[in-house]
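Listing of run_18.cif, mmCIF, C-alpha atoms
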data_structure
loop_
_atom_site.label_atom_id
_atom_site.label_comp_id
_atom_site.auth_asym_id
_atom_site.auth_seq_id
_atom_site.Cartn_x
_atom_site.Cartn_y
_atom_site.Cartn_z
CA MET H 251 31.75 -0.82 -70.08
CA GLU H 252 31.34 -4.45 -69.01
CA ALA H 253 34.63 -4.26 -67.12
CA LEU H 254 33.41 -1.16 -65.27
CA LEU H 255 30.22 -2.96 -64.27
CA ILE H 256 32.26 -5.88 -62.98
CA LEU H 257 34.31 -3.48 -60.86
CA GLN H 258 31.18 -1.85 -59.53
CA GLU H 259 29.56 -5.15 -58.64
CA GLY H 260 32.50 -7.28 -57.61
CA LEU H 261 35.59 -5.20 -56.87
CA LEU H 262 33.92 -2.36 -55.05
CA LEU H 263 34.38 0.74 -57.17
CA ASP H 264 34.14 3.11 -54.21
CA GLN H 265 37.04 1.39 -52.46
CA LEU H 266 38.96 1.25 -55.72
CA LEU H 267 38.70 5.03 -55.97
CA TYR H 268 39.71 5.36 -52.33
CA ALA H 269 42.78 3.21 -52.96
CA ALA H 270 43.71 5.53 -55.80
CA GLY H 271 43.33 8.55 -53.52
CA LEU H 272 40.42 9.97 -55.52
CA ILE H 273 38.01 9.90 -52.58
CA GLY H 274 38.39 9.88 -48.83
CA THR H 275 37.57 7.09 -46.42
CA ALA H 276 33.89 8.06 -46.42
CA THR H 277 31.56 8.46 -49.37
CA ALA H 278 29.42 11.56 -49.83
CA ASP H 279 26.56 9.94 -47.89
CA GLU H 280 28.84 8.81 -45.06
CA ARG H 281 30.70 11.99 -44.21
CA VAL H 282 31.73 12.16 -40.59
CA GLU H 283 33.04 15.45 -39.27
CA ALA H 284 36.61 15.63 -38.04
CA PRO H 285 37.06 14.67 -34.38
CA SER H 286 36.12 17.49 -32.06
CA PRO H 287 38.51 18.69 -29.34
CA ASP H 288 36.79 16.46 -26.79
CA ILE H 289 37.56 13.30 -28.86
CA ALA H 290 40.97 11.60 -28.83
CA VAL H 291 41.72 8.54 -31.00
CA THR H 292 44.99 6.65 -30.56
CA THR H 293 46.60 3.32 -31.44
CA LEU H 294 48.44 1.32 -28.79
CA ARG H 295 51.14 -0.95 -30.24
CA ARG H 296 53.56 -1.64 -27.40
CA PRO H 297 52.65 -4.51 -25.04
CA GLU H 298 53.30 -2.37 -21.98
CA ALA H 299 50.88 0.29 -23.27
CA VAL H 300 48.13 -2.32 -23.74
CA GLU H 301 48.85 -3.73 -20.27
CA ALA H 302 48.50 -0.23 -18.81
CA LEU H 303 45.11 0.14 -20.51
CA ALA H 304 43.80 -3.08 -18.93
CA PRO H 305 41.97 -1.57 -15.90
CA GLU H 306 40.08 0.90 -18.10
CA TRP H 307 39.39 -1.77 -20.71
CA ARG H 308 37.89 -4.09 -18.09
CA ALA H 309 35.79 -1.23 -16.73
CA LEU H 310 34.49 -0.50 -20.24
CA GLU H 311 33.63 -4.20 -20.65
CA ALA H 312 31.48 -4.00 -17.53
CA ARG H 313 29.72 -0.83 -18.70
CA ALA H 314 29.17 -2.08 -22.26
CA ALA H 315 28.58 -5.78 -21.62
CA ALA H 316 25.82 -5.94 -24.24
CA SER H 317 27.99 -4.46 -27.01
CA ALA H 318 30.62 -7.20 -27.18
CA THR H 319 31.05 -10.91 -26.54
CA ALA H 320 33.39 -12.99 -24.41
CA PHE H 321 35.83 -12.94 -27.32
CA GLN H 322 36.55 -9.23 -26.79
CA ALA H 323 37.57 -9.69 -23.15
CA CYS H 324 40.67 -7.76 -22.13
CA ASP H 325 42.35 -10.65 -20.30
CA LEU H 326 41.79 -13.02 -23.20
CA HIS H 327 43.61 -10.60 -25.51
CA LEU H 328 46.50 -10.06 -23.13
CA VAL H 329 47.13 -13.82 -22.91
CA TRP H 330 46.50 -14.29 -26.65
CA ALA H 331 49.15 -11.69 -27.47
CA ARG H 332 51.77 -13.54 -25.43
CA HIS H 333 51.25 -16.67 -27.52
CA PHE H 334 50.38 -15.39 -31.00
CA CYS H 335 52.27 -12.14 -31.50
CA ASP H 336 55.67 -12.46 -33.16
CA ALA H 337 57.77 -10.80 -35.85
CA ASP H 338 54.94 -11.16 -38.36
CA THR H 339 51.89 -10.50 -36.17
CA GLY H 340 51.30 -7.66 -33.75
CA LEU H 341 48.46 -6.57 -31.48
CA ARG H 342 47.17 -3.05 -32.06
CA VAL H 343 44.45 -1.59 -29.89
CA VAL H 344 42.59 1.46 -31.16
CA THR H 345 41.10 3.54 -28.37
CA LEU H 346 38.71 6.46 -28.44
CA ARG H 347 38.19 8.78 -25.51
CA LYS H 348 35.58 11.44 -25.03
CA ASN H 349 36.58 14.10 -22.54
CA GLY H 350 39.27 11.71 -21.33
CA ARG H 351 36.81 8.84 -20.68
CA LEU H 352 37.47 5.58 -22.54
CA VAL H 353 34.38 4.81 -24.64
CA LEU H 354 35.76 2.52 -27.37
CA VAL H 355 38.34 -0.26 -27.67
CA TRP H 356 38.99 -1.95 -31.01
CA PRO H 357 41.56 -4.79 -30.70
CA LEU H 358 43.14 -5.86 -33.98
CA ALA H 359 45.88 -8.22 -35.10
CA VAL H 360 48.04 -6.95 -37.97
CA SER H 361 49.85 -9.69 -39.87
CA ARG H 362 52.21 -9.85 -42.80
CA ARG H 363 50.89 -12.47 -45.19
CA ALA H 364 51.59 -13.74 -48.67
CA PHE H 365 48.99 -11.36 -50.08
CA GLY H 366 49.99 -8.27 -48.09
CA CYS H 367 49.50 -6.81 -44.63
CA VAL H 368 46.09 -7.66 -43.20
CA ALA H 369 44.26 -6.39 -40.12
CA THR H 370 41.83 -8.79 -38.47
CA TRP H 371 40.10 -9.14 -35.13
CA ALA H 372 42.66 -9.97 -32.45
CA GLY H 373 42.08 -13.22 -30.62
CA ASP H 374 41.85 -15.52 -33.65
CA PRO H 375 41.40 -18.51 -33.65
CA ILE H 376 39.77 -18.31 -30.21
CA GLY H 377 37.52 -15.41 -31.17
CA GLN H 378 34.42 -16.71 -32.93
CA TYR H 379 32.59 -13.39 -33.01
CA GLY H 380 34.14 -10.03 -33.84
CA ASP H 381 33.03 -6.75 -32.30
CA VAL H 382 34.15 -3.40 -30.98
CA VAL H 383 33.87 -2.76 -27.24
CA VAL H 384 31.99 0.53 -27.21
CA GLU H 385 29.50 2.33 -25.05
CA ALA H 386 25.95 2.39 -26.36
CA GLY H 387 24.37 5.63 -27.50
CA PRO H 388 23.63 7.80 -30.53
CA GLU H 389 27.33 8.48 -31.17
CA ARG H 390 28.36 4.82 -31.42
CA ASP H 391 28.58 4.57 -35.23
CA ARG H 392 30.34 7.93 -35.38
CA TRP H 393 32.95 6.72 -32.89
CA ILE H 394 33.48 3.49 -34.86
CA GLU H 395 33.99 5.51 -38.05
CA MET H 396 36.56 7.69 -36.33
CA ALA H 397 38.38 4.58 -35.10
CA PHE H 398 38.33 3.21 -38.65
CA ARG H 399 39.93 6.41 -39.93
CA GLU H 400 42.71 5.84 -37.42
CA ILE H 401 43.20 2.35 -38.90
CA GLY H 402 43.27 3.79 -42.42
CA ALA H 403 45.98 6.21 -41.34
CA TRP H 404 48.37 3.44 -40.27
CA GLY H 405 49.70 3.17 -43.81
CA ASP H 406 50.88 -0.44 -43.59
CA ALA H 407 47.56 -2.35 -43.50
CA SER H 408 46.12 -3.03 -46.95
CA PHE H 409 43.01 -4.98 -46.01
CA LEU H 410 40.67 -5.00 -43.01
CA HIS H 411 39.00 -8.40 -42.65
CA LEU H 412 36.14 -8.51 -40.14
CA CYS H 413 34.96 -12.08 -39.59
CA GLY H 414 32.08 -13.30 -37.48
CA VAL H 415 30.06 -10.09 -37.25
CA ARG H 416 26.72 -10.82 -35.59
CA ALA H 417 23.68 -8.91 -36.81
CA ASP H 418 23.06 -7.75 -33.23
CA SER H 419 26.64 -6.64 -32.56
CA ALA H 420 27.76 -3.06 -31.91
CA VAL H 421 29.76 -2.96 -35.15
CA ALA H 422 27.14 -4.62 -37.40
CA ARG H 423 25.41 -1.54 -38.80
CA TRP H 424 28.68 0.23 -39.49
CA ALA H 425 30.28 -2.86 -41.07
CA GLY H 426 27.22 -3.44 -43.24
CA SER H 427 27.37 0.08 -44.65
CA ARG H 428 31.16 0.46 -44.98
CA GLY H 429 32.39 -3.05 -45.71
CA ARG H 430 31.61 -5.59 -48.38
CA LYS H 431 30.19 -9.00 -47.61
CA ILE H 432 32.54 -11.96 -47.94
CA GLY H 433 31.06 -15.44 -48.28
CA PRO H 434 27.55 -16.59 -47.44
CA THR H 435 25.54 -15.52 -44.44
CA GLN H 436 25.74 -17.97 -41.55
CA GLU H 437 23.37 -18.38 -38.64
CA ALA H 438 24.28 -18.61 -35.00
CA PRO H 439 21.77 -20.77 -33.13
CA ALA H 440 21.10 -19.90 -29.51
CA LEU H 441 19.01 -21.07 -26.60
CA ASP H 442 17.36 -18.29 -24.63
CA HIS H 443 16.55 -20.12 -21.40
CA SER H 444 15.71 -17.06 -19.34
CA THR H 445 12.04 -18.08 -19.20
CA PHE H 446 12.79 -21.38 -17.44
CA GLU H 447 12.64 -21.10 -13.66
CA ASN H 448 15.09 -23.93 -13.07
CA ALA H 449 16.67 -27.00 -14.69
CA GLU H 450 13.72 -29.20 -13.77
CA VAL H 451 11.27 -26.94 -15.61
CA PHE H 452 13.67 -26.81 -18.54
CA ALA H 453 13.92 -30.62 -18.69
CA LYS H 454 10.11 -30.92 -18.85
CA ALA H 455 9.92 -28.72 -21.95
CA GLY H 456 10.02 -31.79 -24.21
CA TRP H 457 13.39 -31.37 -25.94
CA PRO H 458 13.80 -34.29 -28.41
CA GLN H 459 17.51 -34.64 -27.65
CA ALA H 460 16.77 -34.94 -23.92
CA LYS H 461 14.81 -38.14 -24.48
CA ARG H 462 17.76 -39.76 -26.24
CA ASN H 463 20.15 -38.45 -23.61
CA ALA H 464 18.07 -40.05 -20.85
CA LYS H 465 18.91 -43.46 -22.31
CA ARG H 466 22.60 -42.53 -22.56
CA ILE H 467 22.65 -41.35 -18.95
CA ARG H 468 21.11 -44.64 -17.77
CA LYS H 469 23.81 -46.46 -19.72
CA PHE H 470 26.55 -44.37 -18.11
CA GLU H 471 25.10 -45.03 -14.65
CA SER H 472 25.31 -48.76 -15.35
CA MET H 473 28.98 -48.37 -16.33
CA GLY H 474 30.15 -47.39 -12.88
CA GLY H 475 28.25 -44.17 -12.31
CA MET H 476 28.26 -40.74 -13.94
CA ASP H 477 29.55 -37.45 -12.55
CA PHE H 478 29.24 -33.96 -14.03
CA GLU H 479 30.84 -30.73 -12.86
CA MET H 480 31.51 -27.18 -14.01
CA VAL H 481 35.17 -26.42 -13.35
CA GLU H 482 36.45 -22.88 -12.82
CA PRO H 483 40.05 -21.90 -13.77
CA GLY H 484 42.72 -23.69 -11.80
CA GLU H 485 44.86 -26.81 -11.99
CA GLN H 486 41.95 -29.15 -12.75
CA ALA H 487 40.59 -26.92 -15.52
CA GLN H 488 44.07 -26.67 -17.03
CA ALA H 489 44.45 -30.47 -17.09
CA LEU H 490 40.99 -30.89 -18.62
CA VAL H 491 41.75 -28.41 -21.41
CA ALA H 492 44.93 -30.32 -22.25
CA ALA H 493 42.94 -33.59 -22.31
CA ALA H 494 40.30 -31.99 -24.55
CA PHE H 495 42.93 -31.07 -27.11
CA GLY H 496 44.20 -34.65 -27.14
CA PHE H 497 40.68 -35.97 -27.76
CA LYS H 498 40.01 -33.32 -30.42
CA ARG H 499 43.17 -34.01 -32.40
CA ALA H 500 42.54 -37.75 -32.33
CA TRP H 501 39.02 -37.21 -33.68
CA LEU H 502 40.26 -34.86 -36.42
CA ASP H 503 42.85 -37.45 -37.46
CA ARG H 504 40.22 -40.17 -37.73
CA GLN H 505 37.88 -37.96 -39.73
CA GLY H 506 40.60 -36.44 -41.90
CA HIS H 507 39.41 -32.91 -41.09
CA PHE H 508 42.03 -30.19 -41.38
CA GLY H 509 41.31 -28.31 -38.14
CA ARG H 510 43.79 -25.46 -38.71
CA ALA H 511 43.38 -24.07 -35.21
CA PHE H 512 43.89 -27.39 -33.46
CA ILE H 513 47.11 -28.14 -35.34
CA ASP H 514 48.56 -24.91 -33.96
CA ALA H 515 50.22 -25.59 -30.59
CA ARG H 516 49.82 -21.92 -29.67
CA LEU H 517 46.06 -22.34 -29.31
CA GLU H 518 46.45 -25.10 -26.73
CA ALA H 519 49.12 -23.13 -24.87
CA CYS H 520 46.90 -20.03 -24.80
CA LEU H 521 43.79 -21.85 -23.58
CA THR H 522 45.65 -23.86 -20.96
CA GLU H 523 47.11 -20.62 -19.56
CA LEU H 524 43.63 -19.08 -19.41
CA ALA H 525 42.27 -22.24 -17.79
CA GLY H 526 45.03 -22.40 -15.21
CA ASP H 527 44.96 -18.84 -13.85
CA ALA H 528 41.99 -18.03 -11.62
CA ARG H 529 43.04 -14.36 -11.48
CA LEU H 530 42.20 -13.79 -15.15
CA ARG H 531 38.77 -12.44 -16.05
CA SER H 532 38.37 -14.30 -19.34
CA GLY H 533 35.12 -16.03 -18.36
CA LEU H 534 36.55 -19.46 -19.22
CA VAL H 535 34.76 -22.45 -17.66
CA VAL H 536 35.11 -26.18 -18.35
CA SER H 537 32.29 -28.75 -18.36
CA HIS H 538 33.49 -32.21 -17.31
CA LEU H 539 31.60 -35.49 -17.69
CA ALA H 540 33.12 -38.56 -16.06
CA VAL H 541 31.87 -42.15 -16.33
CA GLY H 542 33.19 -44.75 -13.93
CA GLY H 543 35.77 -42.25 -12.75
CA GLU H 544 37.18 -41.69 -16.27
CA THR H 545 36.78 -38.56 -18.38
CA ALA H 546 34.18 -39.18 -21.08
CA ALA H 547 33.57 -35.68 -22.48
CA ILE H 548 34.76 -32.09 -22.01
CA GLU H 549 33.35 -28.77 -23.16
CA VAL H 550 35.40 -25.58 -22.98
CA GLY H 551 33.25 -22.46 -22.79
CA PHE H 552 33.34 -18.77 -21.99
CA ARG H 553 30.79 -16.76 -20.03
CA HIS H 554 30.23 -13.06 -20.51
CA GLY H 555 27.32 -10.66 -20.34
CA GLY H 556 24.81 -13.34 -19.42
CA VAL H 557 25.78 -15.68 -22.27
CA HIS H 558 27.60 -19.02 -22.18
CA TYR H 559 29.62 -19.53 -25.38
CA ALA H 560 30.39 -23.20 -26.10
CA PHE H 561 33.82 -22.88 -27.69
CA MET H 562 35.07 -26.46 -28.01
CA GLY H 563 33.69 -29.90 -27.28
CA ALA H 564 35.68 -33.14 -27.20
CA PHE H 565 35.11 -36.71 -26.06
CA SER H 566 37.18 -39.74 -25.22
CA PRO H 567 37.35 -42.37 -27.99
CA ASP H 568 36.76 -44.99 -25.28
CA PHE H 569 33.20 -43.70 -24.86
CA ALA H 570 32.55 -42.55 -28.43
CA LYS H 571 29.89 -45.14 -29.23
CA HIS H 572 27.77 -43.84 -26.34
CA SER H 573 27.79 -40.19 -27.60
CA PRO H 574 28.96 -38.48 -24.38
CA GLY H 575 29.28 -35.16 -26.22
CA PHE H 576 25.50 -34.89 -26.50
CA VAL H 577 25.13 -35.54 -22.78
CA VAL H 578 27.75 -33.00 -21.69
CA THR H 579 25.96 -30.38 -23.83
CA GLU H 580 22.64 -30.95 -22.10
CA LEU H 581 24.18 -30.96 -18.65
CA THR H 582 26.05 -27.75 -19.42
CA ILE H 583 22.79 -26.12 -20.52
CA ARG H 584 21.15 -27.25 -17.29
CA SER H 585 23.97 -25.59 -15.33
CA CYS H 586 23.38 -22.40 -17.31
CA VAL H 587 19.67 -22.50 -16.44
CA GLU H 588 20.54 -22.78 -12.77
CA ALA H 589 23.12 -19.97 -12.92
CA ALA H 590 21.64 -16.66 -11.84
CA ASP H 591 23.89 -14.64 -14.17
CA VAL H 592 23.43 -16.69 -17.37
CA GLY H 593 20.37 -16.41 -19.61
CA GLU H 594 21.56 -17.82 -22.92
CA TYR H 595 23.54 -20.78 -24.26
CA ASP H 596 25.33 -20.09 -27.56
CA PRO H 597 26.85 -23.13 -29.36
CA LEU H 598 28.40 -20.84 -32.02
CA PRO H 599 28.08 -21.11 -35.82
CA PRO H 600 27.47 -22.96 -38.03
CA ALA H 601 23.87 -23.96 -37.38
CA ASP H 602 24.40 -27.72 -37.39
CA ASP H 603 21.47 -29.99 -36.57
CA TYR H 604 22.82 -31.01 -33.17
CA LYS H 605 23.04 -27.33 -32.21
CA LEU H 606 19.60 -26.49 -33.54
CA ALA H 607 18.19 -29.27 -31.35
CA TRP H 608 18.91 -27.04 -28.35
CA SER H 609 17.99 -23.65 -29.81
CA ASN H 610 14.96 -21.40 -29.92
CA ARG H 611 16.37 -18.46 -31.85
CA ARG H 612 18.98 -17.63 -34.50
CA VAL H 613 21.15 -14.61 -35.31
CA LYS H 614 22.70 -13.91 -38.71
CA VAL H 615 26.49 -13.76 -38.86
CA ARG H 616 28.55 -12.29 -41.72
CA ASP H 617 32.15 -11.61 -42.74
CA TYR H 618 33.10 -8.21 -44.15
CA GLY H 619 36.16 -6.83 -45.90
CA LEU H 620 37.46 -3.31 -46.51
CA VAL H 621 40.23 -2.70 -49.04
CA LEU H 622 42.50 0.08 -47.80
CA ASP H 623 44.98 0.34 -50.69
CA TRP H 624 45.87 -1.32 -53.99
CA PRO H 625 47.72 -4.35 -52.57
CA GLY H 626 44.63 -5.06 -50.46
CA TYR H 627 42.81 -6.39 -53.52
CA ALA H 628 45.00 -9.49 -53.49
CA SER H 629 44.01 -10.14 -49.87
CA TRP H 630 40.37 -9.48 -50.70
CA PHE H 631 40.50 -11.97 -53.59
CA TYR H 632 42.13 -14.59 -51.38
CA ALA H 633 39.54 -14.15 -48.59
CA ALA H 634 36.52 -13.92 -50.88
CA HIS H 635 37.40 -16.53 -53.51
CA LEU H 636 40.67 -18.44 -53.26
CA ARG H 637 40.49 -19.61 -49.62
CA PRO H 638 36.87 -20.89 -49.91
CA ALA H 639 37.82 -22.73 -53.09
CA LEU H 640 40.80 -24.39 -51.38
CA LYS H 641 38.64 -25.46 -48.45
CA THR H 642 36.07 -26.97 -50.83
CA LEU H 643 38.82 -28.79 -52.73
CA TYR H 644 40.29 -30.20 -49.52
CA ALA H 645 36.87 -31.44 -48.35
CA ARG H 646 36.47 -33.39 -51.61
CA LEU H 647 39.79 -35.24 -51.29
CA PRO H 648 39.75 -38.94 -50.32
CA LEU H 649 39.93 -39.61 -46.58
CA LYS H 650 43.39 -41.24 -46.73
CA LEU H 651 44.83 -38.28 -48.61
CA ARG H 652 43.31 -35.79 -46.13
CA GLN H 653 44.76 -37.76 -43.25
CA GLY H 654 48.18 -37.74 -44.90
CA LEU H 655 48.03 -33.98 -45.46
CA ARG H 656 47.04 -33.45 -41.82
CA ALA H 657 49.90 -35.58 -40.62
CA GLY H 658 52.37 -33.68 -42.80
CA ARG H 659 51.10 -30.32 -41.60
CA GLY H 660 51.19 -31.43 -37.97
#
Output the structure of this file as structure tokens.
Amino acid sequence: MEALLILQEGLLLDQLLYAAGLIGTATADERVEAPSPDIAVTTLRRPEAVEALAPEWRALEARAAASATAFQACDLHLVWARHFCDADTGLRVVTLRKNGRLVLVWPLAVSRRAFGCVATWAGDPIGQYGDVVVEAGPERDRWIEMAFREIGAWGDASFLHLCGVRADSAVARWAGSRGRKIGPTQEAPALDHSTFENAEVFAKAGWPQAKRNAKRIRKFESMGGMDFEMVEPGEQAQALVAAAFGFKRAWLDRQGHFGRAFIDARLEACLTELAGDARLRSGLVVSHLAVGGETAAIEVGFRHGGVHYAFMGAFSPDFAKHSPGFVVTELTIRSCVEAADVGEYDPLPPADDYKLAWSNRRVKVRDYGLVLDWPGYASWFYAAHLRPALKTLYARLPLKLRQGLRAGRG
């Protein structure tokens, strides 16, 4: 009896029964009728099929801008696939049409791993939030459930791992009812600056960090002058992204942090391609702070649906003691306040103190998992227990040992 209770509480008895084929993909309280003749759900696996979908995908993004983030952008996924898809990882895009009209796009990466075949949000490690691009309306959860049934019918994915699900996302309600929580709840701090008329009004709001930054700015002016600019995709943005990766890796080496994403050369190649091509609609923009004509700090961000997402910040070690990263953050926020099409600055989770200093609201963010068959329990255990334990163990290692492990992995 105790074992049964453990299964019910920890190993998700309903999914265990589903894996055994004793119940369907929906419980008695979650029954969704079979797709009607006006609904068509398909999975696109071939790169050329996804490329052909691009115009409709972009149009859906524009219609459903509030239902997804910059990390679900079509162009981002097309470039990501060129760098991250290989023999072990493939991009699959689930689409749902109603009367021929595209109303849902669910981009997933399916990877063969040590613990089985796992489906995750495509775009990792760039994607910090996961969501489904779907039109709003009363049928939204029903459409997501139908798309999930398509995923369950693939037959080769054992575990669906949905990371970074915001409480205000399109998929949140469905994921909360169908999936199981993995790890603790995080918070995403954000600055809603829509009430500030301009950057001058914003600066007078009495932000504590702004007072400290004023001293830093005066110092930079005395060091040969300070220049700040927002750089759109092109040759300069591409060079700045490459420089940011150099700064970031040097900082990670000094701190002994693992930084899995920044060890992977594919991430730099993907972002530099996005930064270098002005034709792509990824929303990428680069903040550049120069002191005395030399780059002091860089922030790589994405803009979509009225939100600026601060993806990666980096600073030159030559200016480290003057904290240029704090200054480039404030100046980026000021540029957002002045931009007519941006109303929010999102520094992304976790809710560190330096991010909270520039925030006036928070949104809960969770990870969810759905076991699709028996082998999926190994992947669930790894995601829910083993991986967090390994990260905790690594963080407790001496600095010299962490640095040695980083160097060996690199």
Apply the PyMOL selection byres ((chain H and resi 336) around 12) to the structure shown and report the selected residues as a PDB file with C-alpha atoms, in the coordinates of the input.
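Output file out21.pdb follows:
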ATOM      1  CA  PRO H 297      52.650  -4.510 -25.040  1.00  0.00           C
ATOM      2  CA  TRP H 330      46.500 -14.290 -26.650  1.00  0.00           C
ATOM      3  CA  ALA H 331      49.150 -11.690 -27.470  1.00  0.00           C
ATOM      4  CA  ARG H 332      51.770 -13.540 -25.430  1.00  0.00           C
ATOM      5  CA  HIS H 333      51.250 -16.670 -27.520  1.00  0.00           C
ATOM      6  CA  PHE H 334      50.380 -15.390 -31.000  1.00  0.00           C
ATOM      7  CA  CYS H 335      52.270 -12.140 -31.500  1.00  0.00           C
ATOM      8  CA  ALA H 337      57.770 -10.800 -35.850  1.00  0.00           C
ATOM      9  CA  ASP H 338      54.940 -11.160 -38.360  1.00  0.00           C
ATOM     10  CA  THR H 339      51.890 -10.500 -36.170  1.00  0.00           C
ATOM     11  CA  GLY H 340      51.300  -7.660 -33.750  1.00  0.00           C
ATOM     12  CA  LEU H 341      48.460  -6.570 -31.480  1.00  0.00           C
ATOM     13  CA  ALA H 359      45.880  -8.220 -35.100  1.00  0.00           C
ATOM     14  CA  VAL H 360      48.040  -6.950 -37.970  1.00  0.00           C
ATOM     15  CA  SER H 361      49.850  -9.690 -39.870  1.00  0.00           C
ATOM     16  CA  ARG H 362      52.210  -9.850 -42.800  1.00  0.00           C
ATOM     17  CA  ARG H 516      49.820 -21.920 -29.670  1.00  0.00           C
TER      18      ARG H 516
END
task: Carefully work through the PyMOL selection byres ((chain H and resi 304) around 12) for this structure and note down the residues it includes, as a list in words.
output: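 Those residues are Leu294, Pro297, Glu298, Ala299, Val300, Glu301, Ala302, Leu303, Pro305, Glu306, Trp307, Arg308, Ala309, Leu310, Glu311, Ala323, Cys324, Asp325, Leu326, His327, Leu328, Val329, Val343, Thr345, Leu352, Val355, Leu530 and Arg531 of chain H.
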task: Name the residues captured by the PyMOL selection byres ((chain H and resi 463) around 10) when it is applied to the shown file; answer as a PyMOL selection string.
output: chain H and resi 458-462+464-469+572-574+576-581
Put those residues in a file: C-alpha atoms, as a PDB file, in the coordinates of the input.
ATOM      1  CA  PRO H 458      13.800 -34.290 -28.410  1.00  0.00           C
ATOM      2  CA  GLN H 459      17.510 -34.640 -27.650  1.00  0.00           C
ATOM      3  CA  ALA H 460      16.770 -34.940 -23.920  1.00  0.00           C
ATOM      4  CA  LYS H 461      14.810 -38.140 -24.480  1.00  0.00           C
ATOM      5  CA  ARG H 462      17.760 -39.760 -26.240  1.00  0.00           C
ATOM      6  CA  ALA H 464      18.070 -40.050 -20.850  1.00  0.00           C
ATOM      7  CA  LYS H 465      18.910 -43.460 -22.310  1.00  0.00           C
ATOM      8  CA  ARG H 466      22.600 -42.530 -22.560  1.00  0.00           C
ATOM      9  CA  ILE H 467      22.650 -41.350 -18.950  1.00  0.00           C
ATOM     10  CA  ARG H 468      21.110 -44.640 -17.770  1.00  0.00           C
ATOM     11  CA  LYS H 469      23.810 -46.460 -19.720  1.00  0.00           C
ATOM     12  CA  HIS H 572      27.770 -43.840 -26.340  1.00  0.00           C
ATOM     13  CA  SER H 573      27.790 -40.190 -27.600  1.00  0.00           C
ATOM     14  CA  PRO H 574      28.960 -38.480 -24.380  1.00  0.00           C
ATOM     15  CA  PHE H 576      25.500 -34.890 -26.500  1.00  0.00           C
ATOM     16  CA  VAL H 577      25.130 -35.540 -22.780  1.00  0.00           C
ATOM     17  CA  VAL H 578      27.750 -33.000 -21.690  1.00  0.00           C
ATOM     18  CA  THR H 579      25.960 -30.380 -23.830  1.00  0.00           C
ATOM     19  CA  GLU H 580      22.640 -30.950 -22.100  1.00  0.00           C
ATOM     20  CA  LEU H 581      24.180 -30.960 -18.650  1.00  0.00           C
TER      21      LEU H 581
END
message: Using only C-alpha atoms, can you tell me which of H:Ala607, H:Ala422, H:Met480, H:Ala590 comes closest to Phe552 in chain H?
response: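 Nearest to Phe552 in chain H: H:Met480.
Atom pair CA of Gly619 in chain H / CA of Ser286 in chain H: separated by 28.0 Å.
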For range 447-453 of chain H: contacts at 6 Å, all atoms listed in the file, fewer than 4 positions along chain excluded, given as an NGL selection string: :H and (584 or 587-588)
Any chance you could tabulate, as a Markdown table, the residues of range 578-657 of chain H at most 9 Å from range 387-410 of chain H with each one's nearest atom pair and distance in Å to one decimal, using only C-alpha atoms, in chain and rising number order?
| residue | atom | partner | partner_atom | distance |
| --- | --- | --- | --- | --- |
| H:Tyr618 | CA | H:Leu410 | CA | 8.3 |
| H:Gly619 | CA | H:Leu410 | CA | 5.7 |
| H:Leu620 | CA | H:Leu410 | CA | 5.0 |
| H:Val621 | CA | H:Phe409 | CA | 4.7 |
| H:Leu622 | CA | H:Ser408 | CA | 4.8 |
| H:Asp623 | CA | H:Ser408 | CA | 5.2 |
| H:Trp624 | CA | H:Ser408 | CA | 7.2 |
| H:Pro625 | CA | H:Ser408 | CA | 6.0 |
| H:Gly626 | CA | H:Ser408 | CA | 4.3 |
| H:Tyr627 | CA | H:Phe409 | CA | 7.6 |
| H:Ala628 | CA | H:Phe409 | CA | 9.0 |
| H:Ser629 | CA | H:Phe409 | CA | 6.5 |
| H:Trp630 | CA | H:Phe409 | CA | 7.0 |
statement: Shortest contact to Tyr559 in chain H, candidates H:Tyr604, H:Phe446, H:Phe321, H:Trp457, atoms counted all atoms listed in the file, goes to H:Phe321
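Considering all atoms listed in the file, the residue among H:Ser585, H:Thr545, H:Ser419, H:Gln505 positioned nearest to Phe569 in chain H is H:Thr545.
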query: Neighbours of Ser537 in chain H within 8 Å (all atoms listed in the file; same-chain residues fewer than 3 positions away dropped), as a list in words?
result: Phe478, Glu479, Met480, Val481, Ile548, Glu549, Val550, Gly551, Val578 and Thr582 of chain H
field: Long-range neighbours of Pro483 in chain H as a list in words, 12 Å cut-off, all atoms listed in the file, 5 positions minimum in chain
entry: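 Residues near the query, excluding close chain neighbours: Gln488, Ala489, Leu490, Val491, Leu521, Thr522, Glu523, Leu524, Ala525, Gly526, Asp527, Ala528, Arg529, Leu530, Arg531, Ser532, Gly533, Leu534, Val535, Val536, Ser537, Val550, Gly551 and Phe552 of chain H.
If you look at CA of Ala540 in chain H and CA of Phe497 in chain H, they are 14.2 Å away from each other.
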query: Quick one: distance from CA of Val615 in chain H to CA of Arg416 in chain H in Å, one decimal?
result: 4.4 Å
message: Considering all atoms listed in the file, can you say which of H:Pro375, H:Arg504, H:Val592, H:Val557 comes closest to Cys520 in chain H?
response: H:Pro375
Nearest to Ser444 in chain H, chosen from H:Pro648, H:Gly593, H:Gly555, H:Pro599, with all atoms listed in the file counted in the distances: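 Under the stated criterion, the closest residue is H:Gly593.
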- prompt: In terms of the shortest atom-to-atom distance over only C-alpha atoms, which of H:Ala455, H:Val382, H:Ala492, H:Ala315 is closest to Ala425 in chain H?
  reply: H:Val382
- request: Do a neighbour search on Tyr595 in chain H at 6 Å with all atoms listed in the file, toss out local chain neighbours closer than 4 positions, and write the hits as a list in words.
  value: Ala440, Leu441, Val557 and His558 of chain H
